[in-house]
Amino acid sequence: MGRTVGSAPLPVSGRVSDTGRMESVLTRREPVRSLGMYVHVPYCSSRCGYCDFNTYVPGEAGHGSRESWRQAAIDEVSLAARELSPDRRVDTVFFGGGTPTLLPTSDLGAVLDEIDQQLGLASNAEITVEANPETISGEKLQELLDCGINRLSLGMQSADQQVLNLLDRVHSPGTAVAAAQEALAAGVSLVSLDLIYGTPGEDLRSWRSTLAAALDAGVGHISAYGLKVEPGTALHRRVRRGEVPRVDQDYSAAAYDATDEILSAAGLNWYEISNWSLAGHECRHNLNYWRGGDWWGIGPGAHSHLAGSRWWNHRSPQRWAAALQEGKSPRAGEEQLTEDQLLTELVMLHIRLVQGLDPADLGQNRNHITAKAEQLRELGLLSVGEPLTLTLAGRRLADRVTVELLEHA
Ligand SMILES: C[S@@+](CC[C@H](N)C(=O)[O-])C[C@H]1O[C@@H](n2cnc3c(N)ncnc32)[C@H](O)[C@@H]1O
Ligand code: SF4
């Protein structure tokens, strides 16, 4: 999940009341309180050289067994049910990874059933599975539909074989498009393709062809992340040794502009810096993160947020599962967000969204931040008027806009 113009940042936010005190979303009274559940499946068949997600290939230390993952995930759902108040309703579930579709679908179904029985799934819940294209078949799709999955997010990355090679992807360019088309034909109502731009060697012609191929698949949602060369990855080592050039930031900016132009022309509009969709196809689960909602993360290394407090689980699948098996907490750490942190999260996350940042949410920081916004407007990074929303140029420099808005706040 925060890539250059990035994937989902770790979100938490609150709201500043009129008195200037930070007020968690949870302290507002609602009859039923909505919750997102993230379920982390930490397994992949091979590791892509750019990826630093918490995932394990067969034989890797800490991997643990599939059976222990399934039991521990079920146990963590029970733990959540014991800790949460009964007025919770689960509106979204997101099986992310790793590669959730490497598991037998019955494992995902068992966790989903447990969530429904112990916490209660909303009748219109969005239930997403992330999938690598080569794991998708007609049979797999039917199983996923039968267990209640209604949204599929496929990692396509590129339609250029050379780019896929550099990223160590094991599928060919056509596999992701074919998987998306098959999913739509099978009746998965929401299908998204994940793309990466800025890979060394890619040019605008190649990137435009990738976007055209993704649109040809007929999906209603596309995520496009700038390649981030993460420390500790094989790609990072190759760049350091000089075997692969660095990501060219000017090229990445041009690729971002091309993305926005091509996807908007096809009716997929941006709703978050790295996400474009047809109306009604937005990812509700991720929107809950960006809006500072509450979510519980099940699985090794998963993060959670409730009422301004945040915690994270042991990263090793073995250690996480062992804790739950022994009836202990799988948490590795936790923190209560300070008012400063809540304000930072609010600005950082809301500014990424097309709805922007509402000055009314800023309490005593309102005047200071709106004065800063005026300077950023003059630089062409924010649009005129309220709420505060990024221009196209501002979207490319969102991190700078966030830092400047918060300066001396
Ligand atoms: C971690 S993967 C998990 C889903 C699935 N295994 C896959 O490969 O698509 C989720 C998405 O994060 C994005 N991603 C992961 N690492 C990235 C990086 N270093 N730079 C940019 N995007 C990245 C990719 O687009 C990928 O599809
Ligand atoms: S398949 Fe996805 S999660 Fe697994 S290593 Fe590659 S990018 Fe990371």
# chains A, B, ... in the order shown; residues from 1 in each chain; ligands from 1
$ select_by_dssp --residues "range 170-408 of chain A" --states "strand (DSSP E or B)" --output "ChimeraX atom specification"
/A:190-197,221-226,269-272,275-277,295-298,303-306,309-313,331-336,353,357,382,388,390
$ write_last_selection --atoms "N, CA and C atoms" --output "CSV table (one decimal), in the first residue's frame"
chain,number,residue,atom,x,y,z
A,190,LEU,N,-17.3,-5.8,-9.9
A,190,LEU,CA,-16.3,-4.7,-9.8
A,190,LEU,C,-14.9,-5.3,-10.0
A,191,VAL,N,-14.2,-4.9,-11.1
A,191,VAL,CA,-12.9,-5.4,-11.4
A,191,VAL,C,-11.9,-4.2,-11.6
A,192,SER,N,-10.8,-4.3,-10.9
A,192,SER,CA,-9.8,-3.2,-11.0
A,192,SER,C,-8.5,-3.8,-11.5
A,193,LEU,N,-7.7,-3.0,-12.2
A,193,LEU,CA,-6.4,-3.4,-12.6
A,193,LEU,C,-5.4,-2.5,-12.0
A,194,ASP,N,-4.3,-3.0,-11.4
A,194,ASP,CA,-3.2,-2.3,-10.8
A,194,ASP,C,-2.1,-2.1,-11.8
A,195,LEU,N,-1.6,-0.9,-12.0
A,195,LEU,CA,-0.6,-0.7,-13.0
A,195,LEU,C,0.6,0.0,-12.3
A,196,ILE,N,1.8,-0.1,-12.8
A,196,ILE,CA,3.0,0.6,-12.3
A,196,ILE,C,3.6,1.4,-13.5
A,197,TYR,N,3.9,2.7,-13.3
A,197,TYR,CA,4.6,3.4,-14.3
A,197,TYR,C,5.9,3.9,-13.8
A,221,HIS,N,-12.3,0.4,-12.9
A,221,HIS,CA,-11.4,0.9,-11.9
A,221,HIS,C,-9.9,0.6,-12.3
A,222,ILE,N,-9.1,1.6,-12.2
A,222,ILE,CA,-7.6,1.4,-12.5
A,222,ILE,C,-6.8,2.2,-11.4
A,223,SER,N,-5.9,1.5,-10.8
A,223,SER,CA,-4.9,2.1,-9.9
A,223,SER,C,-3.6,2.2,-10.7
A,224,ALA,N,-2.9,3.4,-10.6
A,224,ALA,CA,-1.6,3.5,-11.3
A,224,ALA,C,-0.6,4.1,-10.3
A,225,TYR,N,0.4,3.3,-9.9
A,225,TYR,CA,1.4,3.8,-8.9
A,225,TYR,C,2.7,4.0,-9.6
A,226,GLY,N,3.4,5.1,-9.2
A,226,GLY,CA,4.7,5.3,-9.7
A,226,GLY,C,5.7,4.3,-9.0
A,269,ASN,N,-12.6,8.7,-13.8
A,269,ASN,CA,-12.1,10.0,-13.2
A,269,ASN,C,-11.3,9.7,-11.9
A,270,TRP,N,-10.3,10.6,-11.6
A,270,TRP,CA,-9.5,10.4,-10.4
A,270,TRP,C,-10.4,10.6,-9.2
A,271,TYR,N,-10.3,9.8,-8.2
A,271,TYR,CA,-10.9,10.1,-6.9
A,271,TYR,C,-9.9,10.1,-5.8
A,272,GLU,N,-8.7,9.5,-6.1
A,272,GLU,CA,-7.6,9.6,-5.1
A,272,GLU,C,-6.4,9.7,-6.1
A,275,ASN,N,-5.8,6.7,-8.1
A,275,ASN,CA,-6.9,5.8,-8.4
A,275,ASN,C,-8.0,6.5,-9.2
A,276,TRP,N,-8.4,5.8,-10.3
A,276,TRP,CA,-9.4,6.4,-11.3
A,276,TRP,C,-10.5,5.4,-11.4
A,277,SER,N,-11.8,5.9,-11.5
A,277,SER,CA,-12.8,4.9,-11.7
A,277,SER,C,-14.0,5.5,-12.4
A,295,TRP,N,-10.7,0.5,11.0
A,295,TRP,CA,-10.5,-0.8,10.4
A,295,TRP,C,-9.7,-1.7,11.3
A,296,TRP,N,-9.9,-3.0,11.1
A,296,TRP,CA,-9.2,-4.1,11.8
A,296,TRP,C,-8.4,-4.9,10.8
A,297,GLY,N,-7.1,-5.0,11.0
A,297,GLY,CA,-6.2,-5.8,10.1
A,297,GLY,C,-6.0,-7.1,10.7
A,298,ILE,N,-6.4,-8.2,10.0
A,298,ILE,CA,-6.2,-9.6,10.4
A,298,ILE,C,-4.9,-10.0,9.7
A,303,HIS,N,-2.0,-3.8,10.1
A,303,HIS,CA,-2.2,-2.7,10.9
A,303,HIS,C,-3.7,-2.5,11.2
A,304,SER,N,-4.0,-1.9,12.3
A,304,SER,CA,-5.4,-1.6,12.6
A,304,SER,C,-5.5,-0.2,13.2
A,305,HIS,N,-6.7,0.4,13.1
A,305,HIS,CA,-7.0,1.7,13.6
A,305,HIS,C,-8.4,1.7,14.2
A,306,LEU,N,-8.5,2.1,15.5
A,306,LEU,CA,-9.8,2.3,16.1
A,306,LEU,C,-9.7,3.5,17.0
A,309,SER,N,-6.5,5.1,18.0
A,309,SER,CA,-5.4,4.3,18.5
A,309,SER,C,-5.1,3.3,17.3
A,310,ARG,N,-3.8,3.0,17.3
A,310,ARG,CA,-3.4,2.2,16.1
A,310,ARG,C,-2.5,1.1,16.6
A,311,TRP,N,-2.5,-0.1,16.1
A,311,TRP,CA,-1.6,-1.2,16.4
A,311,TRP,C,-1.3,-2.0,15.2
A,312,TRP,N,-0.2,-2.8,15.4
A,312,TRP,CA,0.2,-3.7,14.3
A,312,TRP,C,0.7,-5.0,14.8
A,313,ASN,N,0.5,-6.0,14.0
A,313,ASN,CA,0.8,-7.4,14.4
A,313,ASN,C,2.2,-7.8,14.1
A,331,ARG,N,-0.3,-8.7,18.7
A,331,ARG,CA,0.2,-7.4,18.5
A,331,ARG,C,1.7,-7.2,18.8
A,332,ALA,N,2.4,-6.5,17.9
A,332,ALA,CA,3.8,-6.2,18.1
A,332,ALA,C,4.0,-4.9,18.7
A,333,GLY,N,3.0,-4.0,18.5
A,333,GLY,CA,3.2,-2.6,19.0
A,333,GLY,C,1.9,-1.9,18.9
A,334,GLU,N,1.8,-0.8,19.6
A,334,GLU,CA,0.6,0.1,19.5
A,334,GLU,C,0.9,1.5,19.9
A,335,GLU,N,0.0,2.4,19.4
A,335,GLU,CA,0.2,3.8,19.8
A,335,GLU,C,-1.1,4.6,19.8
A,336,GLN,N,-1.2,5.5,20.7
A,336,GLN,CA,-2.4,6.4,20.7
A,336,GLN,C,-1.9,7.7,20.0
A,353,LEU,N,-7.7,13.2,-1.8
A,353,LEU,CA,-9.0,12.8,-2.4
A,353,LEU,C,-9.6,13.9,-3.3
A,357,LEU,N,-9.8,18.7,1.2
A,357,LEU,CA,-9.7,19.0,2.6
A,357,LEU,C,-10.7,20.1,3.0
A,382,LEU,N,-2.9,24.2,-5.8
A,382,LEU,CA,-4.3,24.0,-5.2
A,382,LEU,C,-5.3,24.8,-6.1
A,388,LEU,N,-10.2,22.5,0.0
A,388,LEU,CA,-8.9,22.6,-0.6
A,388,LEU,C,-8.6,21.3,-1.5
A,390,LEU,N,-6.4,19.5,-4.8
A,390,LEU,CA,-5.1,19.5,-5.6
A,390,LEU,C,-5.5,19.8,-7.1
$ residues_around --residues "range 157-170 of chain A" --least-positions-apart "2" --cutoff "7 Å" --atoms "only C-alpha atoms" --output "ChimeraX atom specification"
/A:48-50,155,172-173,194-196,199,202,206,209-210,213
$ write_last_selection --atoms "N, CA and C atoms" --output "PDB file, in the first residue's frame"
ATOM      1  N   CYS A  48       8.672 -10.609  -6.463  1.00  0.00           N
ATOM      2  CA  CYS A  48       8.994  -9.607  -7.491  1.00  0.00           C
ATOM      3  C   CYS A  48      10.085  -8.690  -6.912  1.00  0.00           C
ATOM      4  N   GLY A  49      11.062  -8.346  -7.751  1.00  0.00           N
ATOM      5  CA  GLY A  49      12.245  -7.635  -7.268  1.00  0.00           C
ATOM      6  C   GLY A  49      11.972  -6.262  -6.669  1.00  0.00           C
ATOM      7  N   TYR A  50      10.811  -5.655  -6.955  1.00  0.00           N
ATOM      8  CA  TYR A  50      10.541  -4.297  -6.463  1.00  0.00           C
ATOM      9  C   TYR A  50       9.722  -4.302  -5.176  1.00  0.00           C
ATOM     10  N   GLY A 155      -3.265  -7.557 -10.334  1.00  0.00           N
ATOM     11  CA  GLY A 155      -1.973  -6.907 -10.542  1.00  0.00           C
ATOM     12  C   GLY A 155      -1.489  -7.100 -11.972  1.00  0.00           C
ATOM     13  N   SER A 172       2.428 -12.982 -18.541  1.00  0.00           N
ATOM     14  CA  SER A 172       2.696 -12.250 -19.780  1.00  0.00           C
ATOM     15  C   SER A 172       1.705 -11.093 -19.890  1.00  0.00           C
ATOM     16  N   PRO A 173       1.945 -10.132 -20.818  1.00  0.00           N
ATOM     17  CA  PRO A 173       1.083  -8.940 -20.869  1.00  0.00           C
ATOM     18  C   PRO A 173      -0.397  -9.262 -21.037  1.00  0.00           C
ATOM     19  N   ASP A 194      -4.311  -3.043 -11.415  1.00  0.00           N
ATOM     20  CA  ASP A 194      -3.219  -2.277 -10.790  1.00  0.00           C
ATOM     21  C   ASP A 194      -2.098  -2.135 -11.800  1.00  0.00           C
ATOM     22  N   LEU A 195      -1.646  -0.909 -12.022  1.00  0.00           N
ATOM     23  CA  LEU A 195      -0.555  -0.659 -12.969  1.00  0.00           C
ATOM     24  C   LEU A 195       0.596   0.047 -12.254  1.00  0.00           C
ATOM     25  N   ILE A 196       1.799  -0.095 -12.832  1.00  0.00           N
ATOM     26  CA  ILE A 196       2.975   0.637 -12.328  1.00  0.00           C
ATOM     27  C   ILE A 196       3.598   1.388 -13.497  1.00  0.00           C
ATOM     28  N   THR A 199       8.908   2.480 -14.613  1.00  0.00           N
ATOM     29  CA  THR A 199       9.951   1.455 -14.591  1.00  0.00           C
ATOM     30  C   THR A 199      11.049   1.852 -15.584  1.00  0.00           C
ATOM     31  N   GLU A 202      10.886   2.011 -19.591  1.00  0.00           N
ATOM     32  CA  GLU A 202       9.541   2.322 -20.116  1.00  0.00           C
ATOM     33  C   GLU A 202       9.576   3.714 -20.752  1.00  0.00           C
ATOM     34  N   SER A 206       5.121   3.107 -24.615  1.00  0.00           N
ATOM     35  CA  SER A 206       4.850   1.845 -23.918  1.00  0.00           C
ATOM     36  C   SER A 206       3.752   2.052 -22.851  1.00  0.00           C
ATOM     37  N   SER A 209       0.333   2.405 -24.300  1.00  0.00           N
ATOM     38  CA  SER A 209      -0.199   1.100 -24.733  1.00  0.00           C
ATOM     39  C   SER A 209      -0.704   0.308 -23.531  1.00  0.00           C
ATOM     40  N   THR A 210      -0.014   0.436 -22.404  1.00  0.00           N
ATOM     41  CA  THR A 210      -0.476  -0.266 -21.188  1.00  0.00           C
ATOM     42  C   THR A 210      -1.856   0.257 -20.789  1.00  0.00           C
ATOM     43  N   ALA A 213      -4.484  -0.991 -23.158  1.00  0.00           N
ATOM     44  CA  ALA A 213      -4.797  -2.410 -22.944  1.00  0.00           C
ATOM     45  C   ALA A 213      -5.691  -2.566 -21.711  1.00  0.00           C
TER      46      ALA A 213
END
$ select_by_dssp --residues "range 178-384 of chain A" --states "alpha helix (DSSP H)" --output "JSON, numbers by chain"
{"A": [178, 179, 180, 181, 182, 183, 184, 185, 186, 204, 205, 206, 207, 208, 209, 210, 211, 212, 213, 214, 215, 216, 234, 235, 236, 237, 238, 239, 240, 249, 250, 251, 252, 253, 254, 255, 256, 257, 258, 259, 260, 261, 262, 263, 264, 265, 284, 285, 286, 287, 288, 289, 290, 317, 318, 319, 320, 321, 322, 323, 324, 325, 339, 340, 341, 342, 343, 344, 345, 346, 347, 348, 349, 350, 366, 367, 368, 369, 370, 371, 372, 373, 374, 375, 376, 377, 378]}
$ residues_near_ligand --ligand "ligand 2" --cutoff "7 Å" --atoms "only C-alpha atoms and all ligand atoms" --output "PyMOL selection string"
chain A and resi 44+46-48+51-53+55+97-99+132+169
$ residues_around --residues "Ala254 in chain A" --least-positions-apart "2" --cutoff "10 Å" --atoms "only C-alpha atoms" --output "ChimeraX atom specification"
/A:198,203-204,249-252,256-259,396
